[in-house]
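*Asks:* Data file final_3.cif (mmCIF, C-alpha atoms, pLDDT in the B column; chains and numbers go by the auth columns) is appended below.
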data_entry
#
loop_
_atom_site.group_PDB
_atom_site.id
_atom_site.type_symbol
_atom_site.label_atom_id
_atom_site.label_comp_id
_atom_site.label_asym_id
_atom_site.label_seq_id
_atom_site.Cartn_x
_atom_site.Cartn_y
_atom_site.Cartn_z
_atom_site.B_iso_or_equiv
_atom_site.auth_seq_id
_atom_site.auth_asym_id
ATOM 1 C CA MET A 1 95.814 45.867 20.203 67.00 1 A
ATOM 2 C CA THR A 2 94.149 47.726 23.026 73.00 2 A
ATOM 3 C CA ARG A 3 90.419 47.520 23.630 82.00 3 A
ATOM 4 C CA ILE A 4 88.497 50.766 23.294 86.00 4 A
ATOM 5 C CA THR A 5 86.403 52.213 26.105 91.00 5 A
ATOM 6 C CA LYS A 6 82.669 51.970 25.533 93.00 6 A
ATOM 7 C CA PRO A 7 80.064 54.111 27.322 93.00 7 A
ATOM 8 C CA ASP A 8 78.275 52.393 30.208 92.00 8 A
ATOM 9 C CA TYR A 9 75.007 52.626 28.287 96.00 9 A
ATOM 10 C CA VAL A 10 74.704 55.205 25.510 96.00 10 A
ATOM 11 C CA ARG A 11 76.403 58.537 24.866 96.00 11 A
ATOM 12 C CA GLU A 12 74.966 61.292 22.701 97.00 12 A
ATOM 13 C CA LEU A 13 77.664 62.595 20.355 97.00 13 A
ATOM 14 C CA CYS A 14 76.031 65.389 18.363 97.00 14 A
ATOM 15 C CA ALA A 15 73.103 66.551 16.258 97.00 15 A
ATOM 16 C CA VAL A 16 73.529 66.106 12.503 97.00 16 A
ATOM 17 C CA ASP A 17 71.684 67.157 9.361 97.00 17 A
ATOM 18 C CA ILE A 18 70.081 63.964 8.042 97.00 18 A
ATOM 19 C CA ASP A 19 67.797 65.542 5.414 96.00 19 A
ATOM 20 C CA ALA A 20 69.667 64.287 2.325 95.00 20 A
ATOM 21 C CA ILE A 21 70.099 60.763 3.705 96.00 21 A
ATOM 22 C CA LYS A 22 66.508 60.599 4.886 96.00 22 A
ATOM 23 C CA LYS A 23 65.237 61.548 1.407 96.00 23 A
ATOM 24 C CA LEU A 24 67.388 58.831 -0.143 96.00 24 A
ATOM 25 C CA VAL A 25 66.134 56.269 2.390 96.00 25 A
ATOM 26 C CA THR A 26 62.521 57.286 1.730 94.00 26 A
ATOM 27 C CA ARG A 27 63.040 56.737 -2.011 96.00 27 A
ATOM 28 C CA THR A 28 64.571 53.287 -1.463 97.00 28 A
ATOM 29 C CA SER A 29 62.060 50.664 -2.575 96.00 29 A
ATOM 30 C CA ASP A 30 60.975 47.640 -0.568 95.00 30 A
ATOM 31 C CA HIS A 31 62.469 45.542 -3.363 96.00 31 A
ATOM 32 C CA VAL A 32 65.944 46.993 -2.679 94.00 32 A
ATOM 33 C CA TRP A 33 65.488 46.498 1.077 93.00 33 A
ATOM 34 C CA ASN A 34 64.455 42.874 0.518 90.00 34 A
ATOM 35 C CA VAL A 35 67.233 42.044 -1.934 92.00 35 A
ATOM 36 C CA GLU A 36 69.940 43.622 0.211 91.00 36 A
ATOM 37 C CA ASP A 37 68.541 42.034 3.386 87.00 37 A
ATOM 38 C CA SER A 38 68.680 38.585 1.770 87.00 38 A
ATOM 39 C CA ARG A 39 72.457 39.038 1.300 84.00 39 A
ATOM 40 C CA LYS A 40 73.334 40.157 4.834 71.00 40 A
ATOM 41 C CA GLU A 41 76.001 38.405 6.860 74.00 41 A
ATOM 42 C CA ASN A 42 74.416 39.430 10.177 63.00 42 A
ATOM 43 C CA ASN A 43 71.426 37.138 9.707 58.00 43 A
ATOM 44 C CA PHE A 44 70.888 36.427 13.414 56.00 44 A
ATOM 45 C CA GLU A 45 67.625 35.318 15.010 58.00 45 A
ATOM 46 C CA CYS A 46 67.429 38.459 17.184 49.00 46 A
ATOM 47 C CA PHE A 47 66.882 40.502 13.990 63.00 47 A
ATOM 48 C CA HIS A 48 63.766 38.538 12.914 68.00 48 A
ATOM 49 C CA ASP A 49 61.779 41.743 12.291 81.00 49 A
ATOM 50 C CA THR A 50 64.660 43.885 11.045 87.00 50 A
ATOM 51 C CA ARG A 51 65.793 44.361 7.470 90.00 51 A
ATOM 52 C CA HIS A 52 69.289 45.626 6.708 91.00 52 A
ATOM 53 C CA ILE A 53 71.098 47.254 3.836 96.00 53 A
ATOM 54 C CA ILE A 54 74.741 46.379 4.426 94.00 54 A
ATOM 55 C CA PHE A 55 77.228 48.764 2.804 97.00 55 A
ATOM 56 C CA ARG A 56 80.372 47.530 4.594 96.00 56 A
ATOM 57 C CA PHE A 57 80.898 44.619 6.945 92.00 57 A
ATOM 58 C CA ILE A 58 83.693 42.934 8.893 89.00 58 A
ATOM 59 C CA GLU A 59 84.569 39.605 7.361 86.00 59 A
ATOM 60 C CA GLY A 60 83.449 36.899 9.762 80.00 60 A
ATOM 61 C CA MET A 61 83.065 39.600 12.453 74.00 61 A
ATOM 62 C CA ARG A 62 86.477 38.709 13.888 81.00 62 A
ATOM 63 C CA ASP A 63 89.147 41.225 12.889 88.00 63 A
ATOM 64 C CA HIS A 64 87.930 44.811 12.491 91.00 64 A
ATOM 65 C CA ARG A 65 90.783 45.507 10.055 90.00 65 A
ATOM 66 C CA GLU A 66 89.456 42.942 7.560 92.00 66 A
ATOM 67 C CA PHE A 67 86.233 44.161 5.982 94.00 67 A
ATOM 68 C CA TYR A 68 84.555 44.369 2.604 94.00 68 A
ATOM 69 C CA SER A 69 82.244 46.775 0.766 96.00 69 A
ATOM 70 C CA ASN A 70 79.137 45.640 -1.085 95.00 70 A
ATOM 71 C CA ASP A 71 78.265 47.040 -4.524 95.00 71 A
ATOM 72 C CA ILE A 72 75.522 49.284 -3.091 96.00 72 A
ATOM 73 C CA TRP A 73 78.247 51.181 -1.185 97.00 73 A
ATOM 74 C CA LEU A 74 79.358 52.760 -4.481 96.00 74 A
ATOM 75 C CA ILE A 75 75.913 54.368 -4.850 94.00 75 A
ATOM 76 C CA TRP A 76 75.543 55.573 -1.239 97.00 76 A
ATOM 77 C CA LYS A 77 79.086 56.440 -0.216 96.00 77 A
ATOM 78 C CA SER A 78 79.036 60.052 -1.449 95.00 78 A
ATOM 79 C CA TYR A 79 75.935 60.652 0.712 95.00 79 A
ATOM 80 C CA LEU A 80 77.018 58.740 3.804 97.00 80 A
ATOM 81 C CA LEU A 81 80.706 59.611 4.186 97.00 81 A
ATOM 82 C CA PRO A 82 80.220 63.360 4.774 96.00 82 A
ATOM 83 C CA LEU A 83 77.646 62.673 7.493 97.00 83 A
ATOM 84 C CA ILE A 84 79.752 59.951 9.119 97.00 84 A
ATOM 85 C CA SER A 85 82.864 62.147 8.990 96.00 85 A
ATOM 86 C CA GLU A 86 80.963 64.985 10.669 96.00 86 A
ATOM 87 C CA ILE A 87 80.077 62.660 13.553 97.00 87 A
ATOM 88 C CA VAL A 88 83.488 61.051 13.930 96.00 88 A
ATOM 89 C CA VAL A 89 85.322 64.392 14.165 95.00 89 A
ATOM 90 C CA HIS A 90 84.359 64.326 17.860 90.00 90 A
ATOM 91 C CA TYR A 91 86.749 61.402 18.409 93.00 91 A
ATOM 92 C CA GLU A 92 89.747 63.353 17.033 93.00 92 A
ATOM 93 C CA PHE A 93 91.033 60.281 15.185 92.00 93 A
ATOM 94 C CA GLU A 94 94.060 60.688 12.931 91.00 94 A
ATOM 95 C CA LEU A 95 92.881 58.107 10.399 94.00 95 A
ATOM 96 C CA PRO A 96 89.285 56.938 10.952 96.00 96 A
ATOM 97 C CA VAL A 97 88.241 53.666 9.313 96.00 97 A
ATOM 98 C CA TYR A 98 84.628 52.482 8.952 97.00 98 A
ATOM 99 C CA PRO A 99 84.547 48.673 8.762 96.00 99 A
ATOM 100 C CA LYS A 100 80.752 48.401 9.234 95.00 100 A
ATOM 101 C CA ILE A 101 78.144 50.694 7.733 97.00 101 A
ATOM 102 C CA MET A 102 74.500 49.730 7.357 95.00 102 A
ATOM 103 C CA LEU A 103 70.888 50.769 7.521 97.00 103 A
ATOM 104 C CA ALA A 104 68.656 48.864 9.946 95.00 104 A
ATOM 105 C CA ARG A 105 64.887 48.974 9.510 96.00 105 A
ATOM 106 C CA LEU A 106 62.882 47.669 12.460 95.00 106 A
ATOM 107 C CA ALA A 107 59.282 47.004 11.459 94.00 107 A
ATOM 108 C CA ALA A 108 56.421 48.820 13.165 96.00 108 A
ATOM 109 C CA GLY A 109 55.117 46.855 16.148 95.00 109 A
ATOM 110 C CA ALA A 110 58.247 44.688 16.305 92.00 110 A
ATOM 111 C CA VAL A 111 61.303 44.101 18.492 87.00 111 A
ATOM 112 C CA ILE A 112 64.993 43.300 18.288 82.00 112 A
ATOM 113 C CA ASP A 113 65.598 40.673 20.949 83.00 113 A
ATOM 114 C CA ARG A 114 68.122 41.424 23.691 79.00 114 A
ATOM 115 C CA HIS A 115 71.580 40.291 22.617 75.00 115 A
ATOM 116 C CA THR A 116 75.261 41.170 22.911 80.00 116 A
ATOM 117 C CA ASP A 117 77.372 41.705 19.824 82.00 117 A
ATOM 118 C CA GLY A 118 80.098 39.483 21.259 73.00 118 A
ATOM 119 C CA ALA A 119 83.832 39.925 21.464 68.00 119 A
ATOM 120 C CA GLY A 120 86.103 39.784 18.437 75.00 120 A
ATOM 121 C CA SER A 121 85.977 42.957 16.346 82.00 121 A
ATOM 122 C CA ASN A 122 83.524 44.674 18.710 82.00 122 A
ATOM 123 C CA LEU A 123 86.260 45.134 21.320 87.00 123 A
ATOM 124 C CA PHE A 124 88.099 47.535 19.009 89.00 124 A
ATOM 125 C CA THR A 125 85.372 49.643 17.365 93.00 125 A
ATOM 126 C CA HIS A 126 82.984 52.359 18.474 95.00 126 A
ATOM 127 C CA LYS A 127 79.376 51.562 17.479 95.00 127 A
ATOM 128 C CA ILE A 128 77.318 54.567 16.378 97.00 128 A
ATOM 129 C CA HIS A 129 73.551 54.807 15.764 97.00 129 A
ATOM 130 C CA VAL A 130 71.924 57.704 13.900 98.00 130 A
ATOM 131 C CA PRO A 131 68.111 57.543 13.887 98.00 131 A
ATOM 132 C CA LEU A 132 66.828 58.590 10.454 98.00 132 A
ATOM 133 C CA GLN A 133 63.190 57.719 11.049 97.00 133 A
ATOM 134 C CA THR A 134 61.761 57.037 14.493 97.00 134 A
ATOM 135 C CA ASN A 135 58.800 57.721 16.740 96.00 135 A
ATOM 136 C CA GLU A 136 57.969 58.246 20.424 95.00 136 A
ATOM 137 C CA ARG A 137 57.244 54.549 20.870 96.00 137 A
ATOM 138 C CA ALA A 138 60.589 53.332 19.502 97.00 138 A
ATOM 139 C CA LEU A 139 63.049 52.575 22.294 96.00 139 A
ATOM 140 C CA MET A 140 66.539 51.108 22.642 95.00 140 A
ATOM 141 C CA PHE A 141 67.225 49.003 25.703 95.00 141 A
ATOM 142 C CA ILE A 142 70.735 48.772 27.061 95.00 142 A
ATOM 143 C CA ARG A 143 71.120 46.597 30.164 93.00 143 A
ATOM 144 C CA ASP A 144 67.287 46.733 30.328 89.00 144 A
ATOM 145 C CA GLN A 145 67.293 50.519 30.689 95.00 145 A
ATOM 146 C CA PRO A 146 65.150 52.238 28.017 97.00 146 A
ATOM 147 C CA PHE A 147 66.514 55.090 25.896 97.00 147 A
ATOM 148 C CA GLN A 148 64.714 57.160 23.304 96.00 148 A
ATOM 149 C CA LEU A 149 67.180 58.060 20.574 97.00 149 A
ATOM 150 C CA LYS A 150 66.194 61.276 18.812 98.00 150 A
ATOM 151 C CA GLU A 151 66.024 61.551 15.057 97.00 151 A
ATOM 152 C CA GLY A 152 68.994 63.440 13.635 96.00 152 A
ATOM 153 C CA HIS A 153 71.306 62.789 16.577 98.00 153 A
ATOM 154 C CA ALA A 154 74.312 60.461 16.726 98.00 154 A
ATOM 155 C CA TYR A 155 74.841 58.113 19.659 98.00 155 A
ATOM 156 C CA GLU A 156 77.576 55.713 20.656 97.00 156 A
ATOM 157 C CA LEU A 157 76.228 52.669 22.429 96.00 157 A
ATOM 158 C CA ASN A 158 77.759 49.835 24.381 93.00 158 A
ATOM 159 C CA ASN A 159 77.182 46.792 22.183 90.00 159 A
ATOM 160 C CA LEU A 160 79.118 44.455 24.503 90.00 160 A
ATOM 161 C CA VAL A 161 76.296 44.416 27.074 90.00 161 A
ATOM 162 C CA PRO A 162 72.748 43.115 26.524 89.00 162 A
ATOM 163 C CA HIS A 163 70.826 45.488 24.281 92.00 163 A
ATOM 164 C CA GLY A 164 67.794 45.415 22.030 92.00 164 A
ATOM 165 C CA ALA A 165 64.959 47.569 20.747 93.00 165 A
ATOM 166 C CA GLU A 166 61.224 47.799 20.408 95.00 166 A
ATOM 167 C CA ASN A 167 59.179 49.785 17.951 97.00 167 A
ATOM 168 C CA LEU A 168 55.618 49.986 19.191 96.00 168 A
ATOM 169 C CA GLY A 169 54.863 52.823 16.782 96.00 169 A
ATOM 170 C CA THR A 170 52.950 52.652 13.506 96.00 170 A
ATOM 171 C CA GLU A 171 55.895 53.295 11.162 96.00 171 A
ATOM 172 C CA ASP A 172 59.195 51.493 10.695 96.00 172 A
ATOM 173 C CA ARG A 173 62.195 52.730 12.678 97.00 173 A
ATOM 174 C CA ILE A 174 65.309 53.236 10.518 98.00 174 A
ATOM 175 C CA HIS A 175 68.827 53.793 11.866 98.00 175 A
ATOM 176 C CA LEU A 176 72.120 54.408 10.134 98.00 176 A
ATOM 177 C CA ILE A 177 74.592 52.249 12.078 97.00 177 A
ATOM 178 C CA PHE A 178 78.337 52.283 11.670 97.00 178 A
ATOM 179 C CA GLU A 179 81.494 51.293 13.477 95.00 179 A
ATOM 180 C CA VAL A 180 84.743 53.240 13.537 97.00 180 A
ATOM 181 C CA PHE A 181 88.301 52.907 14.779 94.00 181 A
ATOM 182 C CA ASP A 182 91.507 54.933 14.426 93.00 182 A
ATOM 183 C CA GLN A 183 93.794 53.038 12.066 86.00 183 A
ATOM 184 C CA ARG A 184 96.785 55.164 13.038 76.00 184 A
ATOM 185 C CA LYS A 185 96.377 54.339 16.721 68.00 185 A
ATOM 186 C CA GLN A 186 95.719 50.642 16.021 63.00 186 A
ATOM 187 C CA ALA A 187 98.830 50.444 13.856 50.00 187 A
ATOM 188 C CA THR A 188 101.091 51.809 16.602 46.00 188 A
ATOM 189 C CA LEU A 189 99.944 49.395 19.329 44.00 189 A
#
Transcribe the structure of this file into structure tokens.

*Replies:*
Amino acid sequence: MTRITKPDYVRELCAVDIDAIKKLVTRTSDHVWNVEDSRKENNFECFHDTRHIIFRFIEGMRDHREFYSNDIWLIWKSYLLPLISEIVVHYEFELPVYPKIMLARLAAGAVIDRHTDGAGSNLFTHKIHVPLQTNERALMFIRDQPFQLKEGHAYELNNLVPHGAENLGTEDRIHLIFEVFDQRKQATL
């Protein structure tokens, strides 16, 4: 398999209509967030102030072709797939596959510590962030350079270099995060 090329920092892909997803996220109770967060595989210390709803995840984070879907994916998939497909069209993949899909909710006044996502599956997938709820004081840091990701825009970021976030605003910051690769291209390598 051939490694994909990541942006040096972050690359804006496109603007997208997030209204339907944002309404669904707003209606999601804290109980659901807490239950789903308690089940997450990515329970790393750097996410101490971040709750996740994991829809799909790479088993053991090693091989991007081996992933699973959680039960909550059945409820959300009809809302998320059209939006994700609209974003991924920019890659011109023949057969896009989404091995990781999640919501990440960074608490107001909190941080995600600087970290790298490591090798393994991350060498072969594009990592996309779509801010669904954010504020002027919520920043991503990639290689210590700050970036303000705008609500309703999709961004590919380099997750193989040190990155993190801070939310110094008064409301939680919520991102849709997913990874994608072209199964057709991967199969021919």

*Asks:* Please write as a count of residues only the full residue list that the PyMOL selection byres ((chain A and resi 116-124) around 10) yields on this file.

*Replies:* 36

*Asks:* For a quick check of understanding, using all atoms listed in the file, which of A:Ala107, A:Met102, A:Val130, A:Ile75 has the smallest distance to Arg56 (chain A)?

*Replies:*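 Closest to Arg56 (chain A), using all atoms listed in the file: A:Met102.
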
*Asks:* Please, what distance in Å, to one decimal, runs between CA of Phe147 (chain A) and CA of Arg105 (chain A)?

*Replies:*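 Rounded to one decimal, the two atoms are 17.6 Å apart.
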
*Asks:* Any chance you could resolve the PyMOL selection byres ((chain A and resi 168) around 9) against this file and give the residues as a PyMOL selection string?

*Replies:* chain A and resi 108-111+135-139+166-167+169-171

*Asks:* Just to confirm, what's the straight-line distance from CA of Pro131 (chain A) to CA of Leu176 (chain A) in Å (one decimal)?

*Replies:*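 Distance between the two atoms: 6.3 Å.
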
*Asks:* Applied to this file, what does the PyMOL selection byres ((chain A and resi 73) around 12) return in terms of residues, put as a list in words?

*Replies:*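 Selected by the PyMOL selection byres ((chain A and resi 73) around 12) in this file: Glu36, Ile53, Ile54, Phe55, Arg56, Phe57, Tyr68, Ser69, Asn70, Asp71, Ile72, Leu74, Ile75, Trp76, Lys77, Ser78, Tyr79, Leu80, Leu81, Lys100, Ile101, Met102 and Leu103 of chain A.
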
*Asks:* So what do you get for CA of Lys150 (chain A) versus CA of Phe93 (chain A), distance-wise?

*Replies:*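 About the pair CA of Lys150 (chain A) and CA of Phe93 (chain A): they are 25.1 Å apart.
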
*Asks:* Go through A:Tyr155, A:Trp33, A:Tyr98, A:Phe67 and flag the residue nearest Pro7 (chain A), using all atoms listed in the file for the distances.

*Replies:*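 The shortest atom-to-atom distance to Pro7 (chain A) comes from A:Tyr155.
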
*Asks:* Nearest residue to Ile87 (chain A) out of A:Ala165, A:Ile128, A:Val25, A:Ile112, using only C-alpha atoms?

*Replies:*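 Nearest to Ile87 (chain A): A:Ile128.
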
*Asks:* Which one of A:Lys40, A:Glu92, A:Ser85, A:Leu106 sits closest to Met140 (chain A) if you count only C-alpha atoms?

*Replies:* A:Leu106

*Asks:* Scan for residues within 12 Å of the point (74.5, 63.2, 17.5) in the coordinates of the file, using only C-alpha atoms, and reply as a PyMOL selection string.

*Replies:* chain A and resi 10-18+83-90+128-132+149-157+176

*Asks:* Export, as a PDB file, in the coordinates of the input, the selected residues with C-alpha atoms.

*Replies:*
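The result, stored in part06.pdb:
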ATOM      1  CA  VAL A  10      74.704  55.205  25.510  1.00 96.00           C
ATOM      2  CA  ARG A  11      76.403  58.537  24.866  1.00 96.00           C
ATOM      3  CA  GLU A  12      74.966  61.292  22.701  1.00 97.00           C
ATOM      4  CA  LEU A  13      77.664  62.595  20.355  1.00 97.00           C
ATOM      5  CA  CYS A  14      76.031  65.389  18.363  1.00 97.00           C
ATOM      6  CA  ALA A  15      73.103  66.551  16.258  1.00 97.00           C
ATOM      7  CA  VAL A  16      73.529  66.106  12.503  1.00 97.00           C
ATOM      8  CA  ASP A  17      71.684  67.157   9.361  1.00 97.00           C
ATOM      9  CA  ILE A  18      70.081  63.964   8.042  1.00 97.00           C
ATOM     10  CA  LEU A  83      77.646  62.673   7.493  1.00 97.00           C
ATOM     11  CA  ILE A  84      79.752  59.951   9.119  1.00 97.00           C
ATOM     12  CA  SER A  85      82.864  62.147   8.990  1.00 96.00           C
ATOM     13  CA  GLU A  86      80.963  64.985  10.669  1.00 96.00           C
ATOM     14  CA  ILE A  87      80.077  62.660  13.553  1.00 97.00           C
ATOM     15  CA  VAL A  88      83.488  61.051  13.930  1.00 96.00           C
ATOM     16  CA  VAL A  89      85.322  64.392  14.165  1.00 95.00           C
ATOM     17  CA  HIS A  90      84.359  64.326  17.860  1.00 90.00           C
ATOM     18  CA  ILE A 128      77.318  54.567  16.378  1.00 97.00           C
ATOM     19  CA  HIS A 129      73.551  54.807  15.764  1.00 97.00           C
ATOM     20  CA  VAL A 130      71.924  57.704  13.900  1.00 98.00           C
ATOM     21  CA  PRO A 131      68.111  57.543  13.887  1.00 98.00           C
ATOM     22  CA  LEU A 132      66.828  58.590  10.454  1.00 98.00           C
ATOM     23  CA  LEU A 149      67.180  58.060  20.574  1.00 97.00           C
ATOM     24  CA  LYS A 150      66.194  61.276  18.812  1.00 98.00           C
ATOM     25  CA  GLU A 151      66.024  61.551  15.057  1.00 97.00           C
ATOM     26  CA  GLY A 152      68.994  63.440  13.635  1.00 96.00           C
ATOM     27  CA  HIS A 153      71.306  62.789  16.577  1.00 98.00           C
ATOM     28  CA  ALA A 154      74.312  60.461  16.726  1.00 98.00           C
ATOM     29  CA  TYR A 155      74.841  58.113  19.659  1.00 98.00           C
ATOM     30  CA  GLU A 156      77.576  55.713  20.656  1.00 97.00           C
ATOM     31  CA  LEU A 157      76.228  52.669  22.429  1.00 96.00           C
ATOM     32  CA  LEU A 176      72.120  54.408  10.134  1.00 98.00           C
TER      33      LEU A 176
END

*Asks:* Output requested as a compact mmCIF listing (two decimals), keeping the file's coordinate frame - region 89-117 of chain A, filled out with N, CA and C atoms.

*Replies:*
# COMPACT_ATOMS: atom_id res chain seq x y z
N VAL A 89 84.38 63.33 13.82
CA VAL A 89 85.32 64.39 14.16
C VAL A 89 85.42 64.56 15.68
N HIS A 90 84.38 64.20 16.40
CA HIS A 90 84.36 64.33 17.86
C HIS A 90 85.35 63.38 18.54
N TYR A 91 85.78 62.34 17.84
CA TYR A 91 86.75 61.40 18.41
C TYR A 91 88.20 61.87 18.22
N GLU A 92 88.41 62.84 17.33
CA GLU A 92 89.75 63.35 17.03
C GLU A 92 90.70 62.25 16.58
N PHE A 93 90.20 61.35 15.74
CA PHE A 93 91.03 60.28 15.18
C PHE A 93 91.95 60.85 14.11
N GLU A 94 93.14 60.29 14.00
CA GLU A 94 94.06 60.69 12.93
C GLU A 94 93.65 60.08 11.60
N LEU A 95 93.23 58.81 11.63
CA LEU A 95 92.88 58.11 10.40
C LEU A 95 91.67 57.19 10.67
N PRO A 96 90.46 57.77 10.66
CA PRO A 96 89.28 56.94 10.95
C PRO A 96 88.99 55.94 9.83
N VAL A 97 88.61 54.73 10.25
CA VAL A 97 88.24 53.67 9.31
C VAL A 97 86.86 53.17 9.73
N TYR A 98 86.01 52.88 8.73
CA TYR A 98 84.63 52.48 8.95
C TYR A 98 84.41 51.06 8.43
N PRO A 99 84.66 50.05 9.26
CA PRO A 99 84.55 48.67 8.76
C PRO A 99 83.11 48.15 8.65
N LYS A 100 82.17 48.77 9.36
CA LYS A 100 80.75 48.40 9.23
C LYS A 100 79.94 49.67 9.02
N ILE A 101 79.10 49.62 7.99
CA ILE A 101 78.14 50.69 7.73
C ILE A 101 76.89 50.03 7.19
N MET A 102 75.75 50.36 7.79
CA MET A 102 74.50 49.73 7.36
C MET A 102 73.30 50.59 7.71
N LEU A 103 72.19 50.27 7.10
CA LEU A 103 70.89 50.77 7.52
C LEU A 103 70.15 49.61 8.16
N ALA A 104 69.46 49.88 9.27
CA ALA A 104 68.66 48.86 9.95
C ALA A 104 67.23 49.38 10.05
N ARG A 105 66.30 48.58 9.57
CA ARG A 105 64.89 48.97 9.51
C ARG A 105 64.06 48.01 10.36
N LEU A 106 63.69 48.46 11.55
CA LEU A 106 62.88 47.67 12.46
C LEU A 106 61.41 47.93 12.15
N ALA A 107 60.69 46.88 11.85
CA ALA A 107 59.28 47.00 11.46
C ALA A 107 58.44 47.60 12.58
N ALA A 108 57.38 48.29 12.20
CA ALA A 108 56.42 48.82 13.16
C ALA A 108 55.83 47.67 13.97
N GLY A 109 55.70 47.87 15.28
CA GLY A 109 55.12 46.86 16.15
C GLY A 109 56.03 45.68 16.45
N ALA A 110 57.31 45.81 16.18
CA ALA A 110 58.25 44.69 16.30
C ALA A 110 59.38 44.98 17.30
N VAL A 111 60.20 43.97 17.54
CA VAL A 111 61.30 44.10 18.49
C VAL A 111 62.59 43.52 17.90
N ILE A 112 63.70 43.97 18.46
CA ILE A 112 64.99 43.30 18.29
C ILE A 112 65.28 42.68 19.64
N ASP A 113 65.39 41.37 19.68
CA ASP A 113 65.60 40.67 20.95
C ASP A 113 66.90 41.13 21.61
N ARG A 114 66.91 41.07 22.94
CA ARG A 114 68.12 41.42 23.69
C ARG A 114 69.25 40.48 23.28
N HIS A 115 70.41 41.06 23.05
CA HIS A 115 71.58 40.29 22.62
C HIS A 115 72.83 41.09 22.94
N THR A 116 73.98 40.46 22.86
CA THR A 116 75.26 41.17 22.91
C THR A 116 75.94 40.90 21.57
N ASP A 117 76.71 41.87 21.12
CA ASP A 117 77.37 41.70 19.82
C ASP A 117 78.61 40.82 19.91
